[in-house]
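**Q** Quick one: the structure is below, and I'll ask about it shortly.
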Amino acid sequence: GSIFWNIGTDVPAKVEFKNLRSLMMEKVKGNSKLITLIKVDRKGKYHYMVDIMDELNLANITRFSLAPMLDADKTLLQKATS
């Protein structure tokens, strides 16, 4: 149920769901061609993914892709939360 975000190779930062839309609106304002990648853990609940996609839509981000979270991603998140 946790959400992390980063740009490129930046260290992922945790973001609360309630702040996700405003964060994404700020990012798309700075880059109208922003493409977002949503990585989802297979153990994650489906409705979280749908809720995030809804928030992207409400932030006018229509260019996004879905991908499974890999072990390397999980390792990076563990380092970010340590």
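Convention: chains lettered A, B, ... in structure tokens order; per-chain residue numbering from 1; ligands numbered from 1 as shown.
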Which residues of region 14-58 of chain A sit at most 9 Å from region 2-9 of chain A, using only C-alpha atoms? Give each one's shortest atom pair and distance in Å (one decimal place), in chain and ascending residue order, as JSON lines.

**A**
```
{"residue": "A:Lys14", "atom": "CA", "partner": "A:Phe4", "partner_atom": "CA", "distance": 4.3}
{"residue": "A:Val15", "atom": "CA", "partner": "A:Ile3", "partner_atom": "CA", "distance": 5.7}
{"residue": "A:Glu16", "atom": "CA", "partner": "A:Ile3", "partner_atom": "CA", "distance": 6.7}
{"residue": "A:Phe17", "atom": "CA", "partner": "A:Ile3", "partner_atom": "CA", "distance": 7.0}
{"residue": "A:Leu20", "atom": "CA", "partner": "A:Ile3", "partner_atom": "CA", "distance": 8.7}
```

**Q** Could those selected residues go to a file with N, CA and C atoms, as a PDB file, in the first residue's frame?

**A**
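Generated file (out20.pdb):
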```pdb
ATOM      1  N   LYS A  14       9.044   8.436  -0.751  1.00  0.00           N
ATOM      2  CA  LYS A  14       7.686   8.008  -0.421  1.00  0.00           C
ATOM      3  C   LYS A  14       6.743   9.201  -0.540  1.00  0.00           C
ATOM      4  N   VAL A  15       5.571   8.949  -1.066  1.00  0.00           N
ATOM      5  CA  VAL A  15       4.555   9.993  -1.191  1.00  0.00           C
ATOM      6  C   VAL A  15       3.229   9.415  -0.692  1.00  0.00           C
ATOM      7  N   GLU A  16       2.503  10.227   0.041  1.00  0.00           N
ATOM      8  CA  GLU A  16       1.184   9.813   0.525  1.00  0.00           C
ATOM      9  C   GLU A  16       0.190   9.896  -0.631  1.00  0.00           C
ATOM     10  N   PHE A  17      -0.741   8.977  -0.664  1.00  0.00           N
ATOM     11  CA  PHE A  17      -1.728   8.950  -1.747  1.00  0.00           C
ATOM     12  C   PHE A  17      -2.440  10.294  -1.875  1.00  0.00           C
ATOM     13  N   LEU A  20      -0.516  12.645  -4.041  1.00  0.00           N
ATOM     14  CA  LEU A  20      -0.063  12.156  -5.340  1.00  0.00           C
ATOM     15  C   LEU A  20      -0.535  13.042  -6.494  1.00  0.00           C
TER      16      LEU A  20
END
```

**Q** Leaving out Leu76 (chain A) and any residue of its chain fewer than 3 positions from it, which residues lie within 12 Å of it when counting only C-alpha atoms, given as a PyMOL selection string?

**A** chain A and resi 4-6+9-13+69-73+79-82

**Q** How about saving the chosen residues, C-alpha atoms kept, as a compact mmCIF listing (two decimals), in the first residue's frame?

**A**
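Contents of again.txt, as written:
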```txt
# COMPACT_ATOMS: atom_id res chain seq x y z
CA PHE A 4 7.17 5.84 -4.07
CA TRP A 5 8.13 8.10 -6.93
CA ASN A 6 11.29 9.19 -8.63
CA THR A 9 17.85 7.47 -11.46
CA ASP A 10 16.91 9.64 -8.46
CA VAL A 11 16.44 7.85 -5.15
CA PRO A 12 12.73 6.99 -4.73
CA ALA A 13 10.81 9.11 -2.23
CA MET A 69 8.06 -4.49 -9.94
CA LEU A 70 11.33 -6.39 -10.22
CA ASP A 71 13.61 -7.62 -7.44
CA ALA A 72 16.05 -4.81 -8.29
CA ASP A 73 13.22 -2.29 -7.75
CA LYS A 79 17.63 1.22 0.47
CA ALA A 80 15.42 4.33 0.14
CA THR A 81 13.50 3.50 3.33
CA SER A 82 16.58 2.57 5.41
```

**Q** Compare A:Ile61, A:Pro68, A:Met25, A:Leu77 by their minimum atom-to-atom distance to Asp41 (chain A), counting only C-alpha atoms, and give me the closest one.

**A**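 Among A:Ile61, A:Pro68, A:Met25, A:Leu77, it is A:Pro68 that comes nearest to Asp41 (chain A).
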
**Q** Excluding Leu58 (chain A) and its own-chain neighbours fewer than 2 positions away, which residues fall within 12 Å of it when counting only C-alpha atoms? Please give them as a PDB file with N, CA and C atoms, in the first residue's frame.

**A**
```pdb
ATOM      1  N   LEU A  20      -0.516  12.645  -4.041  1.00  0.00           N
ATOM      2  CA  LEU A  20      -0.063  12.156  -5.340  1.00  0.00           C
ATOM      3  C   LEU A  20      -0.535  13.042  -6.494  1.00  0.00           C
ATOM      4  N   ARG A  21      -1.795  13.413  -6.496  1.00  0.00           N
ATOM      5  CA  ARG A  21      -2.326  14.207  -7.613  1.00  0.00           C
ATOM      6  C   ARG A  21      -1.621  15.553  -7.731  1.00  0.00           C
ATOM      7  N   SER A  22      -1.457  16.255  -6.614  1.00  0.00           N
ATOM      8  CA  SER A  22      -0.805  17.567  -6.684  1.00  0.00           C
ATOM      9  C   SER A  22       0.660  17.432  -7.110  1.00  0.00           C
ATOM     10  N   LEU A  23       1.332  16.394  -6.650  1.00  0.00           N
ATOM     11  CA  LEU A  23       2.708  16.147  -7.074  1.00  0.00           C
ATOM     12  C   LEU A  23       2.777  15.921  -8.582  1.00  0.00           C
ATOM     13  N   MET A  24       1.889  15.090  -9.087  1.00  0.00           N
ATOM     14  CA  MET A  24       1.904  14.782 -10.512  1.00  0.00           C
ATOM     15  C   MET A  24       1.500  15.990 -11.349  1.00  0.00           C
ATOM     16  N   MET A  25       0.567  16.795 -10.855  1.00  0.00           N
ATOM     17  CA  MET A  25       0.181  18.013 -11.579  1.00  0.00           C
ATOM     18  C   MET A  25       1.377  18.963 -11.675  1.00  0.00           C
ATOM     19  N   VAL A  28       3.840  17.468 -14.335  1.00  0.00           N
ATOM     20  CA  VAL A  28       3.391  17.594 -15.724  1.00  0.00           C
ATOM     21  C   VAL A  28       3.396  19.057 -16.170  1.00  0.00           C
ATOM     22  N   ASP A  51      -6.539   3.078  -8.414  1.00  0.00           N
ATOM     23  CA  ASP A  51      -6.603   4.396  -7.770  1.00  0.00           C
ATOM     24  C   ASP A  51      -5.492   5.309  -8.271  1.00  0.00           C
ATOM     25  N   ILE A  52      -4.292   4.763  -8.439  1.00  0.00           N
ATOM     26  CA  ILE A  52      -3.170   5.561  -8.942  1.00  0.00           C
ATOM     27  C   ILE A  52      -3.428   5.986 -10.388  1.00  0.00           C
ATOM     28  N   MET A  53      -3.928   5.075 -11.196  1.00  0.00           N
ATOM     29  CA  MET A  53      -4.258   5.428 -12.578  1.00  0.00           C
ATOM     30  C   MET A  53      -5.324   6.520 -12.619  1.00  0.00           C
ATOM     31  N   ASP A  54      -6.300   6.460 -11.721  1.00  0.00           N
ATOM     32  CA  ASP A  54      -7.328   7.509 -11.641  1.00  0.00           C
ATOM     33  C   ASP A  54      -6.696   8.861 -11.295  1.00  0.00           C
ATOM     34  N   GLU A  55      -5.764   8.865 -10.344  1.00  0.00           N
ATOM     35  CA  GLU A  55      -5.108  10.107  -9.953  1.00  0.00           C
ATOM     36  C   GLU A  55      -4.291  10.688 -11.114  1.00  0.00           C
ATOM     37  N   LEU A  56      -3.630   9.824 -11.872  1.00  0.00           N
ATOM     38  CA  LEU A  56      -2.897  10.309 -13.051  1.00  0.00           C
ATOM     39  C   LEU A  56      -3.855  10.944 -14.046  1.00  0.00           C
ATOM     40  N   ASN A  60      -4.272  14.998 -15.437  1.00  0.00           N
ATOM     41  CA  ASN A  60      -4.109  15.174 -16.881  1.00  0.00           C
ATOM     42  C   ASN A  60      -2.848  14.515 -17.427  1.00  0.00           C
ATOM     43  N   ILE A  61      -2.451  13.421 -16.811  1.00  0.00           N
ATOM     44  CA  ILE A  61      -1.333  12.626 -17.319  1.00  0.00           C
ATOM     45  C   ILE A  61      -1.942  11.432 -18.034  1.00  0.00           C
ATOM     46  N   THR A  62      -1.849  11.455 -19.341  1.00  0.00           N
ATOM     47  CA  THR A  62      -2.477  10.405 -20.140  1.00  0.00           C
ATOM     48  C   THR A  62      -1.454   9.451 -20.742  1.00  0.00           C
TER      49      THR A  62
END
```

**Q** Among chain A, which residues does DSSP mark as strand (DSSP E) when it is run on the backbone? Keep the chain and numbering as in the structure and answer as a PyMOL selection string.

**A** chain A and resi 3-5+13-15+36-40+64-68

**Q** I'd like the interatomic distance between CA of Phe64 (chain A) and CA of Thr36 (chain A), to a tenth of an Å.

**A**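 CA of Thr36 (chain A) lies at a distance of 4.4 Å from CA of Phe64 (chain A).
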
**Q** Record the distance separating CA of Thr75 (chain A) and CA of Arg42 (chain A), expressed in Å with one decimal.

**A**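 CA of Arg42 (chain A) lies at a distance of 15.2 Å from CA of Thr75 (chain A).
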
**Q** Which residue gives the smallest distance to Leu34 (chain A) among A:Lys74, A:Ser65, A:Met49, A:Asn19, with only C-alpha atoms counted?

**A**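 For Leu34 (chain A), the nearest of the given residues is A:Ser65.
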
**Q** What are the DSSP helix (DSSP H, G or I) residues of chain A, as number ranges by chain?

**A** A: 17-30, 46-58, 71-81

**Q** Given only C-alpha atoms as the basis, pick out the residue of A:Asn57, A:Gly1, A:Asn31, A:Lys18 nearest to Gly44 (chain A).

**A**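 Using only C-alpha atoms, the shortest distance to Gly44 (chain A) belongs to A:Gly1.
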